[in-house]
Amino acid sequence: MPLTDHGIPSVSWEEFLRRFRWEQGEHVSFIGPTGSGKTTLAKQLLHRRDYVCALATKARDKTMDGLIRQGGYKRIRAWDERPPMVRRSQRIVLWPRFRRPEDVANQQYQLDRAMREMFVSGGWCLFADELYYLCHTLKLTKLLETYWTQGRSMGLSLVGGTQRPAHVPLFAYDQATHLFFWRDNDETNLRRVAGLGGMSAKEIRAAVTTLPKWHALYVNTRDGELMIVKAPRG
């Protein structure tokens, strides 16, 4: 297995999937700029969970369209519209109507309600591609923090992505079992992520600032395992 200059194994996507163990109740966080491959990698992993709810927050979103067309997800605008829970699995995209700025209030209400219902039910995997928007625009920080800190006992997994690690709660990192970092040279962001996942500040800064394009640094916070992986695009 080839090693990078930092002594971290560089593995193929197939090898990574073979070794990757993600239990229900463990959280996953993706940290990287737009276009780096966060959502592509997330979609590659979501099929491992039986009950998945993706939160759509944009008026138009190619990622969510792709889940609906190719991933077998059903679009709903409100939690009441979801299919009956009678199958062995269920995959939905909660996509409240968003055509005007004033629709944000309904968006916040629908996502808040759904997250509370899923927490009570347990066993769900929540895919939140825009943690910054959920925290700062929709004011769902406290509810997300409850997922991160209490979700494991409820069998809840939160898969969250962000472009700016300095602008979302620290729980997104220190409560996640699986972290993926893409290349970043922003000093504010580097200060926030340095030292997390059992790595020293020097090591994580060196690795994240020199990652090749489309490659991610994977950190398992439970056992300290590190890998550099390139996920398929598209």
# chains A, B, ... in the order shown; residues from 1 in each chain; ligands from 1
>>> residues_around(residues="A:Gly71", least_positions_apart="5", cutoff="12 Å", atoms="only C-alpha atoms", output="count of residues only")
15
>>> atom_distance(atom1="atom CA of A:Glu23", atom2="atom CA of A:Gly72")
22.0 Å
>>> select_by_dssp(residues="stretch 132-200 of chain A", states="alpha helix (DSSP H)", output="PyMOL selection string")
chain A and resi 132-136+141-150+171-174+187-193
>>> atom_distance(atom1="atom CA of A:His27", atom2="atom CA of A:Arg97")
27.8 Å
>>> closest_atom_pairs(of="stretch 89-125 of chain A", to="stretch 153-163 of chain A", cutoff="6 Å", atoms="only C-alpha atoms", output="Markdown table")
| residue | atom | partner | partner_atom | distance |
| --- | --- | --- | --- | --- |
| A:Gly122 | CA | A:Met154 | CA | 5.0 |
| A:Gly123 | CA | A:Gly155 | CA | 4.6 |
| A:Trp124 | CA | A:Leu156 | CA | 5.2 |
| A:Cys125 | CA | A:Ser157 | CA | 4.6 |
>>> select_by_dssp(residues="stretch 13-177 of chain A", states="strand (DSSP E)", output="count of residues only")
27
>>> residues_around(residues="A:Thr209", least_positions_apart="5", cutoff="10 Å", atoms="only C-alpha atoms", output="NGL selection string")
:A and (181-186 or 190 or 204)
>>> write_last_selection(atoms="C-alpha atoms", output="PDB file, in the first residue's frame")
ATOM      1  CA  PHE A 181     -11.167  16.556   4.733  1.00  0.00           C
ATOM      2  CA  TRP A 182     -10.462  18.015   1.302  1.00  0.00           C
ATOM      3  CA  ARG A 183      -7.633  20.376   0.457  1.00  0.00           C
ATOM      4  CA  ASP A 184      -7.863  23.700   2.264  1.00  0.00           C
ATOM      5  CA  ASN A 185      -5.361  26.510   2.754  1.00  0.00           C
ATOM      6  CA  ASP A 186      -7.564  28.965   4.627  1.00  0.00           C
ATOM      7  CA  LEU A 190      -7.076  25.113   9.425  1.00  0.00           C
ATOM      8  CA  ILE A 204      -3.359  17.552   9.927  1.00  0.00           C
TER       9      ILE A 204
END
>>> residues_around(residues="stretch 223-228 of chain A", least_positions_apart="2", cutoff="7 Å", atoms="only C-alpha atoms", output="list in words")
Ile8, Pro9, Ser10, Val11, Gly197, Gly198, His215, Ala216, Leu217, Tyr218, Val219, Asn220 and Thr221 of chain A
>>> write_last_selection(atoms="C-alpha atoms", output="CSV table (one decimal), in the first residue's frame")
chain,number,residue,atom,x,y,z
A,8,ILE,CA,-0.4,8.2,5.4
A,9,PRO,CA,-1.6,5.3,3.2
A,10,SER,CA,-3.1,6.2,-0.2
A,11,VAL,CA,-5.7,3.7,-1.2
A,197,GLY,CA,-9.4,13.0,15.0
A,198,GLY,CA,-6.3,12.1,17.1
A,215,HIS,CA,-8.6,13.5,-3.0
A,216,ALA,CA,-9.8,13.4,0.7
A,217,LEU,CA,-8.1,12.7,4.0
A,218,TYR,CA,-10.1,10.1,5.9
A,219,VAL,CA,-9.9,10.1,9.7
A,220,ASN,CA,-11.5,7.5,11.9
A,221,THR,CA,-11.7,9.2,15.3
>>> closest_residue(among="A:Glu117, A:Asp129, A:Asp50, A:Glu15", to="A:Asp80", atoms="only C-alpha atoms")
A:Glu117
>>> residues_around(residues="stretch 104-113 of chain A", least_positions_apart="6", cutoff="7 Å", atoms="only C-alpha atoms", output="VMD selection string")
chain A and resid 78 to 79 96 138
>>> write_last_selection(atoms="N, CA and C atoms", output="compact mmCIF listing (two decimals), in the first residue's frame")
# COMPACT_ATOMS: atom_id res chain seq x y z
N ALA A 78 -43.33 17.79 2.70
CA ALA A 78 -43.61 17.85 4.13
C ALA A 78 -43.53 16.44 4.70
N TRP A 79 -43.22 16.34 5.99
CA TRP A 79 -43.02 15.03 6.60
C TRP A 79 -44.28 14.17 6.50
N PRO A 96 -38.94 21.02 0.91
CA PRO A 96 -40.05 21.98 1.02
C PRO A 96 -40.01 22.99 -0.14
N LEU A 138 -31.53 28.70 8.98
CA LEU A 138 -32.72 28.03 9.51
C LEU A 138 -32.69 27.87 11.03
>>> closest_residue(among="A:Ala56, A:Leu143, A:Val168, A:Ala206", to="A:Arg116", atoms="only C-alpha atoms")
A:Leu143
>>> residues_around(residues="stretch 169-171 of chain A", least_positions_apart="3", cutoff="8 Å", atoms="only C-alpha atoms", output="compact mmCIF listing (two decimals) with C-alpha atoms, in the first residue's frame")
# COMPACT_ATOMS: atom_id res chain seq x y z
CA THR A 141 -28.07 24.44 15.50
CA GLU A 145 -26.26 19.34 18.27
CA TRP A 148 -24.55 14.74 17.26
CA THR A 149 -24.46 14.25 21.01
CA ALA A 166 -15.00 27.45 11.26
CA ASP A 174 -15.56 15.84 17.67
CA GLN A 175 -18.80 13.82 17.68
CA ALA A 176 -18.24 12.28 14.25
>>> residues_around(residues="A:His167", least_positions_apart="6", cutoff="10 Å", atoms="only C-alpha atoms", output="PDB file with N, CA and C atoms, in the first residue's frame")
ATOM      1  N   LEU A 131     -24.688  22.228   6.119  1.00  0.00           N
ATOM      2  CA  LEU A 131     -24.745  22.467   7.563  1.00  0.00           C
ATOM      3  C   LEU A 131     -24.736  23.954   7.900  1.00  0.00           C
ATOM      4  N   TYR A 132     -23.990  24.734   7.146  1.00  0.00           N
ATOM      5  CA  TYR A 132     -23.927  26.172   7.432  1.00  0.00           C
ATOM      6  C   TYR A 132     -25.315  26.799   7.289  1.00  0.00           C
ATOM      7  N   CYS A 135     -27.647  25.725  10.102  1.00  0.00           N
ATOM      8  CA  CYS A 135     -27.313  26.338  11.393  1.00  0.00           C
ATOM      9  C   CYS A 135     -27.619  27.829  11.419  1.00  0.00           C
ATOM     10  N   HIS A 136     -27.204  28.552  10.389  1.00  0.00           N
ATOM     11  CA  HIS A 136     -27.230  30.012  10.459  1.00  0.00           C
ATOM     12  C   HIS A 136     -28.487  30.641   9.860  1.00  0.00           C
ATOM     13  N   THR A 188      -8.109  30.289   8.870  1.00  0.00           N
ATOM     14  CA  THR A 188      -9.172  30.164   9.861  1.00  0.00           C
ATOM     15  C   THR A 188      -9.711  28.741   9.906  1.00  0.00           C
ATOM     16  N   ASN A 189      -9.928  28.151   8.741  1.00  0.00           N
ATOM     17  CA  ASN A 189     -10.401  26.780   8.686  1.00  0.00           C
ATOM     18  C   ASN A 189      -9.388  25.807   9.264  1.00  0.00           C
ATOM     19  N   ARG A 192      -9.368  25.558  12.963  1.00  0.00           N
ATOM     20  CA  ARG A 192     -10.526  24.868  13.521  1.00  0.00           C
ATOM     21  C   ARG A 192     -10.368  23.353  13.478  1.00  0.00           C
TER      22      ARG A 192
END
>>> closest_residue(among="A:Gly37, A:Arg21, A:Ser89, A:Pro83", to="A:Arg222", atoms="only C-alpha atoms")
A:Arg21
>>> atom_distance(atom1="atom CA of A:Arg205", atom2="atom CA of A:Val229")
17.1 Å
>>> closest_residue(among="A:Met85, A:Leu67, A:Ala231, A:Leu211", to="A:Phe127", atoms="only C-alpha atoms")
A:Leu67
>>> closest_residue(among="A:Thr40, A:Gly32, A:Leu140, A:Arg48", to="A:Leu17", atoms="only C-alpha atoms")
A:Arg48
>>> decode(residues="stretch 93-105 of chain A", atoms="N, CA and C atoms", output="PDB file, in the first residue's frame")
ATOM      1  N   VAL A  93     -36.288  12.384  -0.007  1.00  0.00           N
ATOM      2  CA  VAL A  93     -35.706  13.731  -0.047  1.00  0.00           C
ATOM      3  C   VAL A  93     -36.785  14.679   0.450  1.00  0.00           C
ATOM      4  N   LEU A  94     -36.552  15.277   1.591  1.00  0.00           N
ATOM      5  CA  LEU A  94     -37.484  16.280   2.127  1.00  0.00           C
ATOM      6  C   LEU A  94     -37.108  17.616   1.504  1.00  0.00           C
ATOM      7  N   TRP A  95     -37.960  18.100   0.602  1.00  0.00           N
ATOM      8  CA  TRP A  95     -37.652  19.288  -0.216  1.00  0.00           C
ATOM      9  C   TRP A  95     -38.826  20.250  -0.160  1.00  0.00           C
ATOM     10  N   PRO A  96     -38.941  21.019   0.913  1.00  0.00           N
ATOM     11  CA  PRO A  96     -40.045  21.984   1.018  1.00  0.00           C
ATOM     12  C   PRO A  96     -40.012  22.988  -0.137  1.00  0.00           C
ATOM     13  N   ARG A  97     -41.177  23.453  -0.516  1.00  0.00           N
ATOM     14  CA  ARG A  97     -41.266  24.439  -1.599  1.00  0.00           C
ATOM     15  C   ARG A  97     -40.438  25.677  -1.254  1.00  0.00           C
ATOM     16  N   PHE A  98     -39.629  26.123  -2.216  1.00  0.00           N
ATOM     17  CA  PHE A  98     -38.757  27.272  -1.980  1.00  0.00           C
ATOM     18  C   PHE A  98     -38.675  28.083  -3.272  1.00  0.00           C
ATOM     19  N   ARG A  99     -39.611  29.009  -3.430  1.00  0.00           N
ATOM     20  CA  ARG A  99     -39.653  29.850  -4.622  1.00  0.00           C
ATOM     21  C   ARG A  99     -39.429  31.322  -4.323  1.00  0.00           C
ATOM     22  N   ARG A 100     -39.741  31.734  -3.087  1.00  0.00           N
ATOM     23  CA  ARG A 100     -39.600  33.128  -2.699  1.00  0.00           C
ATOM     24  C   ARG A 100     -38.854  33.195  -1.368  1.00  0.00           C
ATOM     25  N   PRO A 101     -38.213  34.332  -1.072  1.00  0.00           N
ATOM     26  CA  PRO A 101     -37.491  34.446   0.199  1.00  0.00           C
ATOM     27  C   PRO A 101     -38.357  34.147   1.418  1.00  0.00           C
ATOM     28  N   GLU A 102     -39.635  34.508   1.361  1.00  0.00           N
ATOM     29  CA  GLU A 102     -40.501  34.271   2.514  1.00  0.00           C
ATOM     30  C   GLU A 102     -40.793  32.788   2.745  1.00  0.00           C
ATOM     31  N   ASP A 103     -40.426  31.928   1.764  1.00  0.00           N
ATOM     32  CA  ASP A 103     -40.621  30.491   1.935  1.00  0.00           C
ATOM     33  C   ASP A 103     -39.648  29.889   2.945  1.00  0.00           C
ATOM     34  N   VAL A 104     -38.647  30.656   3.356  1.00  0.00           N
ATOM     35  CA  VAL A 104     -37.672  30.161   4.333  1.00  0.00           C
ATOM     36  C   VAL A 104     -38.365  29.763   5.633  1.00  0.00           C
ATOM     37  N   ALA A 105     -39.406  30.498   6.016  1.00  0.00           N
ATOM     38  CA  ALA A 105     -40.113  30.182   7.265  1.00  0.00           C
ATOM     39  C   ALA A 105     -40.728  28.785   7.204  1.00  0.00           C
TER      40      ALA A 105
END
